[in-house]
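K.L.:
Data file my_file_7.cif (mmCIF, C-alpha atoms) is appended below.
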```
data_protein
#
loop_
_atom_site.label_atom_id
_atom_site.label_comp_id
_atom_site.auth_asym_id
_atom_site.auth_seq_id
_atom_site.Cartn_x
_atom_site.Cartn_y
_atom_site.Cartn_z
CA MET B 72 -53.47 -11.16 -41.83
CA SER B 73 -54.37 -11.32 -45.53
CA LYS B 74 -51.48 -9.00 -46.35
CA VAL B 75 -49.02 -11.34 -44.60
CA PHE B 76 -50.47 -14.27 -46.52
CA ASP B 77 -50.12 -12.40 -49.81
CA CYS B 78 -46.44 -11.62 -49.08
CA LEU B 79 -45.64 -15.23 -48.24
CA LEU B 80 -47.34 -16.35 -51.42
CA VAL B 81 -45.24 -13.95 -53.52
CA VAL B 82 -41.99 -15.23 -51.87
CA PHE B 83 -43.02 -18.85 -52.51
CA VAL B 84 -43.69 -18.13 -56.16
CA ILE B 85 -40.30 -16.41 -56.60
CA VAL B 86 -38.43 -19.31 -54.94
CA LEU B 87 -40.33 -21.83 -57.05
CA CYS B 88 -39.47 -19.96 -60.25
CA VAL B 89 -35.79 -19.76 -59.35
CA SER B 90 -35.79 -23.42 -58.43
CA ASN B 91 -37.36 -24.40 -61.70
CA SER B 92 -34.85 -22.31 -63.67
CA TRP B 93 -31.89 -24.12 -62.01
CA ALA B 94 -33.54 -27.44 -62.57
CA GLU B 95 -33.70 -26.93 -66.29
CA PRO B 96 -31.06 -29.02 -68.13
CA GLY B 97 -27.86 -27.13 -69.01
CA LYS B 98 -28.61 -24.24 -66.68
CA LYS B 99 -26.96 -25.40 -63.41
CA ARG B 100 -23.25 -24.51 -63.18
CA THR B 101 -21.03 -25.41 -60.21
CA PRO B 102 -18.74 -22.54 -59.10
CA VAL B 103 -15.06 -23.63 -59.05
CA THR B 104 -11.55 -22.21 -58.81
CA VAL B 105 -8.93 -23.15 -61.36
CA THR B 106 -5.12 -23.33 -61.45
CA SER B 107 -2.49 -24.39 -63.95
CA VAL B 108 -0.37 -27.51 -63.48
CA ILE B 109 2.90 -26.57 -61.75
CA ARG B 110 6.31 -27.75 -62.93
CA ASP B 111 8.96 -27.99 -60.22
CA THR B 112 11.65 -30.23 -58.72
CA VAL B 113 10.32 -32.79 -56.26
CA ILE B 114 12.79 -33.70 -53.51
CA ILE B 115 12.27 -37.15 -52.00
CA THR B 116 13.35 -37.40 -48.37
CA GLU B 117 13.43 -39.73 -45.41
CA GLU B 118 13.44 -38.41 -41.86
CA ALA B 119 15.10 -39.80 -38.76
CA MET B 120 15.91 -38.78 -35.21
CA GLY B 121 19.40 -39.69 -34.05
CA TRP B 122 22.04 -38.71 -31.53
CA ILE B 123 25.48 -37.11 -31.25
CA GLU B 124 28.64 -38.99 -30.27
CA THR B 125 32.25 -37.87 -30.11
CA LYS B 126 34.39 -38.95 -33.03
CA VAL B 127 37.47 -38.68 -30.80
CA ASN B 128 37.12 -40.05 -27.28
CA PRO B 129 40.70 -40.84 -26.26
CA GLU B 130 41.76 -42.81 -23.21
CA VAL B 131 45.11 -41.38 -22.16
CA ALA B 132 47.46 -44.16 -20.98
CA ALA B 133 50.91 -44.22 -19.42
CA GLN B 134 53.68 -44.70 -21.99
CA VAL B 135 56.39 -45.27 -19.39
CA SER B 136 56.45 -46.97 -16.01
CA GLY B 137 56.99 -45.03 -12.81
CA GLN B 138 55.48 -43.28 -9.81
CA ILE B 139 53.10 -40.39 -10.37
CA GLN B 140 54.63 -37.19 -9.03
CA GLU B 141 52.04 -34.49 -9.78
CA ILE B 142 48.49 -34.31 -11.17
CA PHE B 143 47.47 -30.97 -12.68
CA VAL B 144 43.82 -31.52 -13.68
CA GLU B 145 40.59 -32.71 -12.11
CA THR B 146 37.46 -34.42 -13.47
CA GLY B 147 35.28 -32.04 -15.49
CA GLN B 148 38.12 -29.63 -16.23
CA THR B 149 38.45 -28.31 -19.78
CA VAL B 150 41.86 -28.74 -21.38
CA GLN B 151 43.50 -27.85 -24.67
CA ALA B 152 45.78 -30.02 -26.77
CA GLY B 153 49.25 -29.98 -25.21
CA HIS B 154 47.96 -29.12 -21.72
CA ALA B 155 49.98 -30.90 -18.98
CA LEU B 156 47.87 -33.55 -17.23
CA LEU B 157 50.40 -35.19 -14.88
CA THR B 158 54.08 -36.08 -14.48
CA ILE B 159 55.69 -39.47 -13.82
CA ASP B 160 58.97 -39.83 -11.90
CA SER B 161 61.79 -39.43 -14.44
CA GLU B 162 64.83 -40.15 -12.22
CA ALA B 163 65.58 -43.51 -13.85
CA GLN B 164 65.40 -41.99 -17.34
CA GLU B 165 67.66 -39.09 -16.29
CA ILE B 166 70.34 -41.46 -14.97
CA GLU B 167 70.14 -43.55 -18.13
CA LYS B 168 70.41 -40.40 -20.25
CA LYS B 169 73.66 -39.34 -18.52
CA ALA B 170 75.16 -42.79 -19.06
CA LEU B 171 74.17 -42.81 -22.74
CA LEU B 172 75.54 -39.31 -23.31
CA SER B 173 78.81 -40.40 -21.79
CA ASP B 174 78.89 -43.48 -24.00
CA VAL B 175 78.21 -41.41 -27.11
CA GLY B 176 80.98 -38.96 -26.18
CA ARG B 177 83.48 -41.80 -25.57
CA LEU B 178 82.72 -43.46 -28.91
CA GLU B 179 82.94 -40.17 -30.81
CA ALA B 180 86.42 -39.58 -29.32
CA LEU B 181 87.53 -43.11 -30.21
CA ILE B 182 86.32 -42.66 -33.76
CA VAL B 183 88.28 -39.41 -34.17
CA ASN B 184 91.43 -41.16 -32.92
CA GLN B 185 90.81 -44.23 -35.09
CA LYS B 186 90.40 -42.07 -38.20
CA ARG B 187 93.86 -40.56 -37.52
CA THR B 188 95.32 -44.02 -37.03
CA LEU B 189 93.75 -45.21 -40.29
CA GLU B 190 95.19 -42.22 -42.15
CA ARG B 191 98.68 -42.94 -40.80
CA HIS B 192 98.31 -46.59 -41.80
CA ARG B 193 97.30 -45.53 -45.30
CA ASN B 194 100.48 -43.47 -45.67
CA LEU B 195 102.64 -46.28 -44.26
CA LEU B 196 100.98 -48.78 -46.57
CA ALA B 197 101.80 -46.57 -49.54
CA LYS B 198 105.45 -46.69 -48.46
CA LYS B 199 105.11 -50.44 -47.87
CA SER B 200 106.14 -49.91 -44.24
CA ILE B 201 103.14 -51.96 -42.91
CA SER B 202 101.24 -54.92 -44.24
CA GLN B 203 97.86 -54.80 -45.96
CA GLU B 204 96.43 -56.91 -43.14
CA ARG B 205 97.34 -54.30 -40.52
CA PHE B 206 95.71 -51.57 -42.58
CA ASP B 207 92.56 -53.68 -43.01
CA ASP B 208 92.38 -54.27 -39.22
CA ALA B 209 92.49 -50.52 -38.60
CA GLN B 210 89.71 -49.99 -41.13
CA VAL B 211 87.53 -52.69 -39.52
CA ASN B 212 88.07 -51.12 -36.09
CA LEU B 213 86.81 -47.78 -37.41
CA ILE B 214 83.70 -49.37 -38.89
CA THR B 215 83.03 -51.21 -35.61
CA LEU B 216 83.29 -48.00 -33.59
CA GLN B 217 80.95 -46.17 -36.01
CA GLU B 218 78.33 -48.94 -35.66
CA GLN B 219 78.64 -48.79 -31.88
CA LEU B 220 78.12 -45.02 -31.99
CA ALA B 221 75.02 -45.42 -34.14
CA GLY B 222 73.61 -47.91 -31.62
CA ALA B 223 74.39 -45.59 -28.69
CA LYS B 224 72.70 -42.65 -30.42
CA SER B 225 69.64 -44.80 -31.13
CA ARG B 226 69.40 -45.78 -27.46
CA LEU B 227 69.83 -42.12 -26.49
CA ALA B 228 67.01 -41.07 -28.81
CA ASP B 229 64.74 -43.75 -27.28
CA ASN B 230 65.69 -42.52 -23.83
CA LYS B 231 64.80 -38.94 -24.75
CA ARG B 232 61.46 -40.13 -26.14
CA ARG B 233 60.65 -42.01 -22.93
CA LEU B 234 61.83 -39.09 -20.84
CA ALA B 235 59.44 -36.80 -22.69
CA LYS B 236 56.60 -39.27 -22.01
CA THR B 237 57.02 -38.75 -18.26
CA SER B 238 55.11 -35.50 -18.84
CA VAL B 239 51.63 -36.60 -19.93
CA LEU B 240 49.93 -34.05 -22.22
CA ALA B 241 46.35 -33.78 -23.50
CA PRO B 242 46.27 -35.16 -27.07
CA VAL B 243 43.18 -33.09 -28.09
CA ASP B 244 41.00 -30.24 -26.90
CA GLY B 245 38.25 -31.47 -24.59
CA TRP B 246 37.41 -32.07 -20.97
CA ILE B 247 38.38 -34.66 -18.39
CA GLU B 248 35.58 -37.21 -18.15
CA LYS B 249 37.37 -39.60 -15.76
CA ARG B 250 40.62 -39.76 -13.79
CA PHE B 251 41.84 -43.28 -13.01
CA VAL B 252 44.96 -42.58 -10.86
CA SER B 253 46.09 -40.62 -7.83
CA LYS B 254 49.33 -38.92 -6.85
CA GLY B 255 51.95 -41.39 -5.62
CA ALA B 256 50.50 -44.39 -7.46
CA PHE B 257 52.85 -46.56 -9.49
CA VAL B 258 51.79 -47.10 -13.09
CA LYS B 259 53.06 -49.43 -15.76
CA LYS B 260 53.24 -48.77 -19.46
CA GLY B 261 49.71 -49.02 -20.89
CA ASP B 262 47.83 -48.29 -17.64
CA PRO B 263 44.88 -45.86 -18.19
CA LEU B 264 45.29 -42.41 -16.67
CA PHE B 265 42.42 -40.25 -17.98
CA LEU B 266 39.38 -40.46 -20.22
CA LEU B 267 39.00 -37.33 -22.36
CA VAL B 268 35.87 -36.22 -24.19
CA THR B 269 36.07 -33.78 -27.06
CA ASP B 270 33.20 -32.09 -28.88
CA ARG B 271 35.23 -30.58 -31.71
CA PHE B 272 34.77 -33.56 -34.01
CA LEU B 273 31.42 -35.34 -33.85
CA ARG B 274 29.88 -38.57 -35.07
CA ILE B 275 26.15 -38.39 -35.89
CA VAL B 276 24.24 -41.69 -35.69
CA LEU B 277 20.91 -41.80 -37.54
CA PRO B 278 18.65 -44.88 -37.36
CA PHE B 279 16.45 -45.32 -40.46
CA PRO B 280 13.76 -48.00 -40.90
CA GLU B 281 15.19 -51.11 -42.53
CA ASN B 282 12.67 -50.90 -45.37
CA VAL B 283 14.43 -47.77 -46.73
CA ALA B 284 17.91 -49.30 -46.63
CA SER B 285 18.03 -49.72 -50.40
CA THR B 286 17.39 -45.99 -50.93
CA LEU B 287 20.30 -44.84 -48.75
CA ALA B 288 23.81 -44.41 -50.12
CA ILE B 289 27.17 -42.97 -49.06
CA GLY B 290 27.49 -39.39 -50.28
CA GLN B 291 23.79 -38.50 -50.08
CA GLN B 292 23.02 -35.12 -48.55
CA VAL B 293 21.37 -34.89 -45.12
CA ARG B 294 19.97 -31.78 -43.45
CA LEU B 295 20.69 -31.78 -39.70
CA SER B 296 19.31 -29.72 -36.84
CA SER B 297 19.52 -30.02 -33.08
CA PRO B 298 17.49 -28.66 -30.14
CA LEU B 299 20.86 -27.40 -28.88
CA SER B 300 20.81 -24.76 -31.65
CA HIS B 301 17.31 -24.35 -33.11
CA ASP B 302 18.32 -21.69 -35.61
CA ARG B 303 21.10 -23.72 -37.25
CA VAL B 304 20.56 -26.24 -40.04
CA ILE B 305 23.67 -28.08 -41.24
CA THR B 306 23.97 -29.83 -44.59
CA ALA B 307 26.27 -32.86 -44.43
CA THR B 308 26.82 -36.08 -46.37
CA ILE B 309 26.52 -39.72 -45.37
CA ASN B 310 29.99 -41.11 -44.60
CA GLN B 311 29.14 -44.65 -43.56
CA ILE B 312 26.20 -47.07 -43.49
CA ARG B 313 26.57 -49.85 -40.95
CA PRO B 314 26.13 -53.17 -42.77
CA ALA B 315 24.00 -54.94 -40.16
CA VAL B 316 20.51 -54.12 -38.91
CA ASN B 317 20.51 -53.14 -35.25
CA ILE B 318 19.07 -56.16 -33.41
CA HIS B 319 17.35 -53.97 -30.81
CA SER B 320 15.82 -51.19 -32.93
CA ARG B 321 15.59 -53.12 -36.23
CA ALA B 322 17.02 -50.02 -37.92
CA ILE B 323 19.79 -49.29 -40.39
CA GLU B 324 22.27 -46.88 -38.81
CA VAL B 325 23.76 -44.12 -40.94
CA ILE B 326 26.96 -42.39 -39.76
CA ILE B 327 27.99 -38.80 -40.47
CA TYR B 328 31.27 -37.24 -39.35
CA LEU B 329 31.53 -33.47 -39.02
CA GLU B 330 33.18 -30.66 -37.12
CA ASN B 331 31.05 -29.21 -34.35
CA PRO B 332 29.09 -26.26 -35.79
CA GLY B 333 29.02 -24.56 -32.40
CA ALA B 334 26.79 -25.59 -29.52
CA TRP B 335 26.29 -29.29 -30.27
CA ARG B 336 27.38 -31.68 -27.52
CA PRO B 337 27.81 -35.46 -27.28
CA GLY B 338 24.59 -37.16 -26.18
CA GLY B 339 22.37 -34.53 -27.80
CA THR B 340 19.48 -35.22 -30.17
CA ILE B 341 19.67 -34.72 -33.92
CA ASN B 342 16.77 -34.32 -36.35
CA ALA B 343 17.74 -35.41 -39.85
CA THR B 344 16.22 -35.24 -43.31
CA ALA B 345 18.03 -37.39 -45.86
CA ILE B 346 17.64 -36.38 -49.50
CA ILE B 347 17.48 -39.75 -51.22
CA ASP B 348 16.29 -38.67 -54.69
CA GLN B 349 14.80 -35.81 -56.69
CA HIS B 350 12.54 -35.59 -59.73
CA GLU B 351 13.36 -32.74 -62.08
CA ASN B 352 10.56 -30.94 -63.98
CA ALA B 353 7.83 -32.86 -62.12
CA LEU B 354 4.11 -32.06 -62.53
CA LEU B 355 2.38 -30.86 -59.36
CA VAL B 356 -1.24 -30.02 -58.50
CA PRO B 357 -2.85 -28.87 -55.23
CA THR B 358 -3.92 -31.66 -52.90
CA GLN B 359 -7.60 -30.64 -52.99
CA ALA B 360 -7.66 -30.96 -56.79
CA ILE B 361 -7.34 -34.76 -56.47
CA VAL B 362 -10.56 -36.65 -55.72
CA ARG B 363 -11.43 -40.32 -55.52
CA ARG B 364 -13.90 -41.82 -57.95
CA PRO B 365 -14.77 -45.44 -58.83
CA ALA B 366 -12.10 -45.24 -61.53
CA GLY B 367 -9.46 -44.25 -58.96
CA LYS B 368 -7.77 -40.91 -58.32
CA VAL B 369 -8.87 -38.20 -60.76
CA VAL B 370 -8.51 -34.50 -61.42
CA TYR B 371 -10.86 -32.34 -63.46
CA GLN B 372 -9.55 -30.34 -66.36
CA ILE B 373 -11.64 -27.33 -67.38
CA GLU B 374 -12.27 -26.69 -71.06
CA ASN B 375 -15.02 -24.37 -72.38
CA ASN B 376 -16.59 -24.36 -68.90
CA ILE B 377 -16.91 -28.15 -68.99
CA ALA B 378 -15.19 -30.39 -66.38
CA GLN B 379 -13.32 -33.23 -68.04
CA GLN B 380 -12.23 -36.09 -65.78
CA ARG B 381 -8.59 -37.21 -66.00
CA GLN B 382 -7.48 -40.35 -64.16
CA VAL B 383 -4.04 -39.80 -62.63
CA THR B 384 -1.28 -41.58 -60.73
CA THR B 385 0.18 -39.67 -57.81
CA GLY B 386 3.74 -39.63 -56.48
CA GLN B 387 5.42 -37.66 -53.73
CA ARG B 388 3.74 -35.01 -51.61
CA GLN B 389 5.53 -31.67 -51.35
CA GLY B 390 3.84 -29.31 -48.92
CA ASN B 391 0.26 -28.77 -50.13
CA LEU B 392 1.13 -30.07 -53.61
CA VAL B 393 1.09 -33.63 -54.95
CA GLU B 394 3.24 -34.98 -57.77
CA ILE B 395 1.38 -36.41 -60.78
CA THR B 396 3.41 -39.18 -62.39
CA SER B 397 0.92 -40.06 -65.14
CA GLY B 398 -2.38 -38.81 -66.58
CA LEU B 399 -1.44 -35.19 -67.35
CA SER B 400 0.77 -33.52 -69.95
CA GLY B 401 1.45 -30.39 -67.94
CA ASN B 402 -0.51 -27.88 -70.07
CA GLU B 403 -3.90 -28.44 -68.41
CA ARG B 404 -5.88 -26.02 -66.26
CA ILE B 405 -7.11 -27.96 -63.23
CA ILE B 406 -10.12 -27.39 -61.02
CA VAL B 407 -9.22 -26.99 -57.35
CA ASP B 408 -12.07 -25.76 -55.11
CA GLY B 409 -15.28 -27.54 -56.01
CA ALA B 410 -13.60 -30.57 -57.61
CA GLY B 411 -15.18 -32.90 -55.07
CA PHE B 412 -18.71 -32.01 -56.27
CA LEU B 413 -18.10 -32.71 -59.96
CA THR B 414 -18.69 -35.51 -62.41
CA ASP B 415 -17.23 -35.91 -65.88
CA GLY B 416 -18.87 -33.46 -68.28
CA ALA B 417 -20.36 -31.20 -65.59
CA THR B 418 -20.88 -27.56 -66.43
CA VAL B 419 -18.85 -25.27 -64.18
CA LEU B 420 -18.53 -21.57 -63.46
CA GLU B 421 -14.95 -20.37 -63.01
CA THR B 422 -14.58 -17.92 -60.13
CA GLN B 423 -11.66 -15.97 -58.75
#
```
Starting from the file, lay out its structure as structure tokens.

P.N.:
Amino acid sequence: MSKVFDCLLVVFVIVLCVSNSWAEPGKKRTPVTVTSVIRDTVIITEEAMGWIETKVNPEVAAQVSGQIQEIFVETGQTVQAGHALLTIDSEAQEIEKKALLSDVGRLEALIVNQKRTLERHRNLLAKKSISQERFDDAQVNLITLQEQLAGAKSRLADNKRRLAKTSVLAPVDGWIEKRFVSKGAFVKKGDPLFLLVTDRFLRIVLPFPENVASTLAIGQQVRLSSPLSHDRVITATINQIRPAVNIHSRAIEVIIYLENPGAWRPGGTINATAIIDQHENALLVPTQAIVRRPAGKVVYQIENNIAQQRQVTTGQRQGNLVEITSGLSGNERIIVDGAGFLTDGATVLETQ
């Protein structure tokens, strides 16, 4: 029992001696890790979650009146530009075309004959065998026939245009979202026939909080990603900023137009990061190097194993680093681990 007591006494004496040695002024040193101030470019961003719309969403309408003869597509079917959608009865246009062709042929024959007559009159006028008035009448008749031919050809061209419109073609690649008519129905010019949806050209709508409206501008870069293609990040630019705040969401809506990068579809979700500014050659320190003191935010510079307090102003956060906008020159060595236990002038022990 006495041996146990003697051992405990020895341990107590050792601990007391160690404690007294640390308590002596100038002997206690706080272990810390140190890093240099980093210089880098700080990118300032704003994030938003938006949605995909189609830039082109055409409603195909009838351009001539008539009865629908055939329908070649159904709702949900994919079509390419130029694909035949339906045909409208063209009998009336065909009859009109024959009449106009006949009229054009008749006028062309009359003009040929009138040119011969005018040439004969010119020769007779040179011989003074006819009057100037008769020659002028022949010349006016030729001009009249030529104007009539021009009018007939114009009507024929319009007829051909309308005849071509009896075959309704898909204006863009896409799919049939809606079909408004059935075979045998009579349609008038302007009546809707189909609603097409295309995903080749997209409109991205991004709602940003109204308090960042002043930081957004046309031409700024935006990084886009979608759950429809997780591995794809697209860099685009802002094309339009809607002037009014959305009355429902109280957000400023930014618009981006782009060609579909692959698997994106209208109605899908978009995650966006807008790059609104960047600070070149900024000073950065690790987050844990910044501590709060009564004076405000401070970091501790190490010099000759002494911690020197530096009051700082912070800016943007970039990962685990924080921008320092004032308080440092950039040449300092800053305490990281252990900074929270220090006071100005404390003695420290730099560790690896």

K.L.:
As a CSV table (one decimal) with C-alpha atoms, in the coordinates of the input, please: the residues near Phe265 (chain B) (cut-off 10 Å, all atoms listed in the file, same-chain neighbours under 5 positions excluded).

P.N.:
```
chain,number,residue,atom,x,y,z
B,129,PRO,CA,40.7,-40.8,-26.3
B,130,GLU,CA,41.8,-42.8,-23.2
B,131,VAL,CA,45.1,-41.4,-22.2
B,132,ALA,CA,47.5,-44.2,-21.0
B,133,ALA,CA,50.9,-44.2,-19.4
B,144,VAL,CA,43.8,-31.5,-13.7
B,145,GLU,CA,40.6,-32.7,-12.1
B,146,THR,CA,37.5,-34.4,-13.5
B,156,LEU,CA,47.9,-33.6,-17.2
B,157,LEU,CA,50.4,-35.2,-14.9
B,241,ALA,CA,46.4,-33.8,-23.5
B,247,ILE,CA,38.4,-34.7,-18.4
B,248,GLU,CA,35.6,-37.2,-18.2
B,249,LYS,CA,37.4,-39.6,-15.8
B,250,ARG,CA,40.6,-39.8,-13.8
B,251,PHE,CA,41.8,-43.3,-13.0
B,252,VAL,CA,45.0,-42.6,-10.9
```

K.L.:
Mind telling me what the PyMOL selection byres ((chain B and resi 417) around 10) catches here, as a PyMOL selection string?

P.N.:
chain B and resi 97+99-101+371+373+376-380+412-416+418-419

K.L.:
With a distance cut-off of 12 Å and all atoms listed in the file, select the neighbouring residues of region 197-211 of chain B, excluding the residue or stretch itself and same-chain residues fewer than 3 positions from it, and output the selection as a list of chain:residue names.

P.N.:
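Once the nearby chain positions are removed, what remains is B:Ile182, B:Asn184, B:Gln185, B:Lys186, B:Arg187, B:Thr188, B:Leu189, B:Glu190, B:Arg191, B:His192, B:Arg193, B:Asn194, B:Ile214, B:Thr215, B:Leu216, B:Gln217, B:Glu218.
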
K.L.:
Given the file above and the PyMOL selection byres ((chain B and resi 237) around 6), which residues are selected, and can you give them as a count of residues only?

P.N.:
6

K.L.:
Contacts of Thr385 (chain B) at 8 Å or less, counting all atoms listed in the file, minus same-chain residues fewer than 5 places along, as number ranges by chain?

P.N.:
B: 393-397

K.L.:
Do a neighbour search on Thr306 (chain B) at 8 Å with all atoms listed in the file, toss out local chain neighbours closer than 4 positions, and write the hits as a PDB file with C-alpha atoms, keeping the file's coordinate frame.

P.N.:
```
ATOM      1  CA  GLN B 292      23.020 -35.120 -48.550  1.00  0.00           C
ATOM      2  CA  VAL B 293      21.370 -34.890 -45.120  1.00  0.00           C
ATOM      3  CA  ARG B 294      19.970 -31.780 -43.450  1.00  0.00           C
ATOM      4  CA  LEU B 295      20.690 -31.780 -39.700  1.00  0.00           C
TER       5      LEU B 295
END
```

K.L.:
The PyMOL selection byres ((chain B and resi 160) around 6) on the file shown: which residues, as a PDB file with C-alpha atoms, keeping the file's coordinate frame?

P.N.:
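The file below, out_24.pdb, is the result:
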```pdb
ATOM      1  CA  GLY B 137      56.990 -45.030 -12.810  1.00  0.00           C
ATOM      2  CA  GLN B 138      55.480 -43.280  -9.810  1.00  0.00           C
ATOM      3  CA  GLN B 140      54.630 -37.190  -9.030  1.00  0.00           C
ATOM      4  CA  ILE B 159      55.690 -39.470 -13.820  1.00  0.00           C
ATOM      5  CA  SER B 161      61.790 -39.430 -14.440  1.00  0.00           C
ATOM      6  CA  GLU B 162      64.830 -40.150 -12.220  1.00  0.00           C
TER       7      GLU B 162
END
```

K.L.:
Mind pulling up the distance from CA of Ala410 (chain B) to CA of Pro365 (chain B)?

P.N.:
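Interatomic distance here is 15.0 Å.
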
K.L.:
How many Å separate CA of Asp348 (chain B) from CA of Gly290 (chain B)?

P.N.:
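Here the two named atoms are 12.1 Å from each other.
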
K.L.:
B:Ile275, B:Lys231, B:Pro102, B:Val135: which is nearest Thr340 (chain B), counting only C-alpha atoms?

P.N.:
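That would be B:Ile275, the residue with the smallest distance to Thr340 (chain B).
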
K.L.:
List the neighbours of region 309-311 of chain B out to 12 Å using only C-alpha atoms; skip same-chain residues closer than 5 positions along the sequence, and give me the result as a list in words.

P.N.:
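Once the nearby chain positions are removed, what remains is Arg274, Ile275, Val276, Leu277, Leu287, Ala288, Ile289, Gly290, Gln291, Gln292, Val293, Arg294, Leu295, Ile323, Glu324, Val325, Ile326, Ile327, Tyr328, Leu329, Ala343, Thr344, Ala345, Ile346 and Ile347 of chain B.
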
K.L.:
Identify which of the residues B:Glu374, B:Asp174, B:Asp244, B:Glu281 lies closest to Arg226 (chain B), counting all atoms listed in the file when measuring atom-to-atom distances.

P.N.:
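For Arg226 (chain B), the nearest of the given residues is B:Asp174.
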
K.L.:
Restricting the calculation to all atoms listed in the file: of B:Ile341, B:Ala228, B:Ile109, B:Val283, which residue gets closest to Glu124 (chain B)?

P.N.:
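Of all the options, B:Ile341 lies closest to Glu124 (chain B).
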
K.L.:
Using Å and a single decimal, report how far CA of Val108 (chain B) sits from CA of Ser400 (chain B).

P.N.:
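Computed distance, CA of Ser400 (chain B) to CA of Val108 (chain B), equals 8.9 Å.
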